[in-house]
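Report on the following structure.
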Amino acid sequence: MARAQGINTGAMVLLGMAVSNALVGLAGALFAQTQGGADISMGIGTIVIGLAAVIVGEAILPSRRLIYATLAAILGAIVYRFFIAIALNSDFIGLKAQDLNLVTAVLVTLALVVPNLKRMLKHKRLPDAPKSM
């Protein structure tokens with residue numbers, strides 16, 4: 001619709017990316033200022049946690065509607081944090097704190113594989129169409 005109105009969509013995408021990066025830089029600067037310093041490893045894992053929350057949420061509640069996609073991301077973040085808490089406090093299973101990356105990798109792998117397995121099983125169960133002679 002914007003292109004039909006004569007707006008240069010390429011320039012608008014570039015402007016949106018510039019504003020987004022500027023806001024991220026400002027947020028990082030404010031965070032470093034409130035912490036009293038910055039470290040190279042401060043933001044490591046934030047993107048991974050966000051991506052894992054979205055992947056797990058989509059596996060639990062797949063939807064195309066915005067409200068359900070938002071709920072899926074929130075639910076995915078809760079489930080992801082729950083599994084992190086289990087990994088950190090699960091001496092009774094034999095897991096140590098060093099196994100945190102293993103537990104989160106298994107969770108994300110399951111979230112990626114389970115929907116495909118469900119789809120494959122659903123297609124296998126469909127009855128074949130009767131053959132006509």
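Letters A, B, ... go to the chains of the structure tokens in the order shown; residues in each chain start at 1; ligands are counted from 1 in the same order.
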
Give one line per residue of segment 21-57 of chain A that approaches segment 78-84 of chain A to at most 9 Å, naming the two atoms of the closest pair and their distance in Å to one decimal, counting only C-alpha atoms; sort by chain then ascending residue number and deliver it as a Markdown table.
| residue | atom | partner | partner_atom | distance |
| --- | --- | --- | --- | --- |
| A:Ile49 | CA | A:Tyr80 | CA | 8.0 |
| A:Ala52 | CA | A:Tyr80 | CA | 7.3 |
| A:Ala53 | CA | A:Tyr80 | CA | 6.1 |
| A:Val56 | CA | A:Tyr80 | CA | 7.3 |
| A:Gly57 | CA | A:Val79 | CA | 8.1 |

Any chance you could export the current selection's C-alpha atoms as a PDB file, in the first residue's frame?
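What landed in part_33.pdb:
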ATOM      1  CA  ILE A  49      17.108 -16.668  24.881  1.00  0.00           C
ATOM      2  CA  ALA A  52      14.500 -19.904  21.937  1.00  0.00           C
ATOM      3  CA  ALA A  53      11.417 -18.431  23.618  1.00  0.00           C
ATOM      4  CA  VAL A  56       9.372 -22.998  21.942  1.00  0.00           C
ATOM      5  CA  GLY A  57       6.249 -20.832  21.990  1.00  0.00           C
TER       6      GLY A  57
END

Margin query: To test your reading of the structure, identify every residue in chain A that backbone DSSP assigns to helix (DSSP H, G or I), and report it as a ChimeraX atom specification.
Written below: /A:9-35,46-60,66-88,97-125

Shortest contact to Val103 of chain A, candidates A:Ala87, A:Leu117, A:Ile47, A:Met1, atoms counted only C-alpha atoms, goes to A:Ala87

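Checking A:Met42, A:Leu15, A:Ala105, A:Ser90 one by one against Gly28 of chain A, counting only C-alpha atoms, you find the shortest gap at A:Met42.
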
Of A:Ala18, A:Ala11, A:Leu100, A:Ile60, the one sitting nearest Val114 of chain A when using only C-alpha atoms is A:Ile60
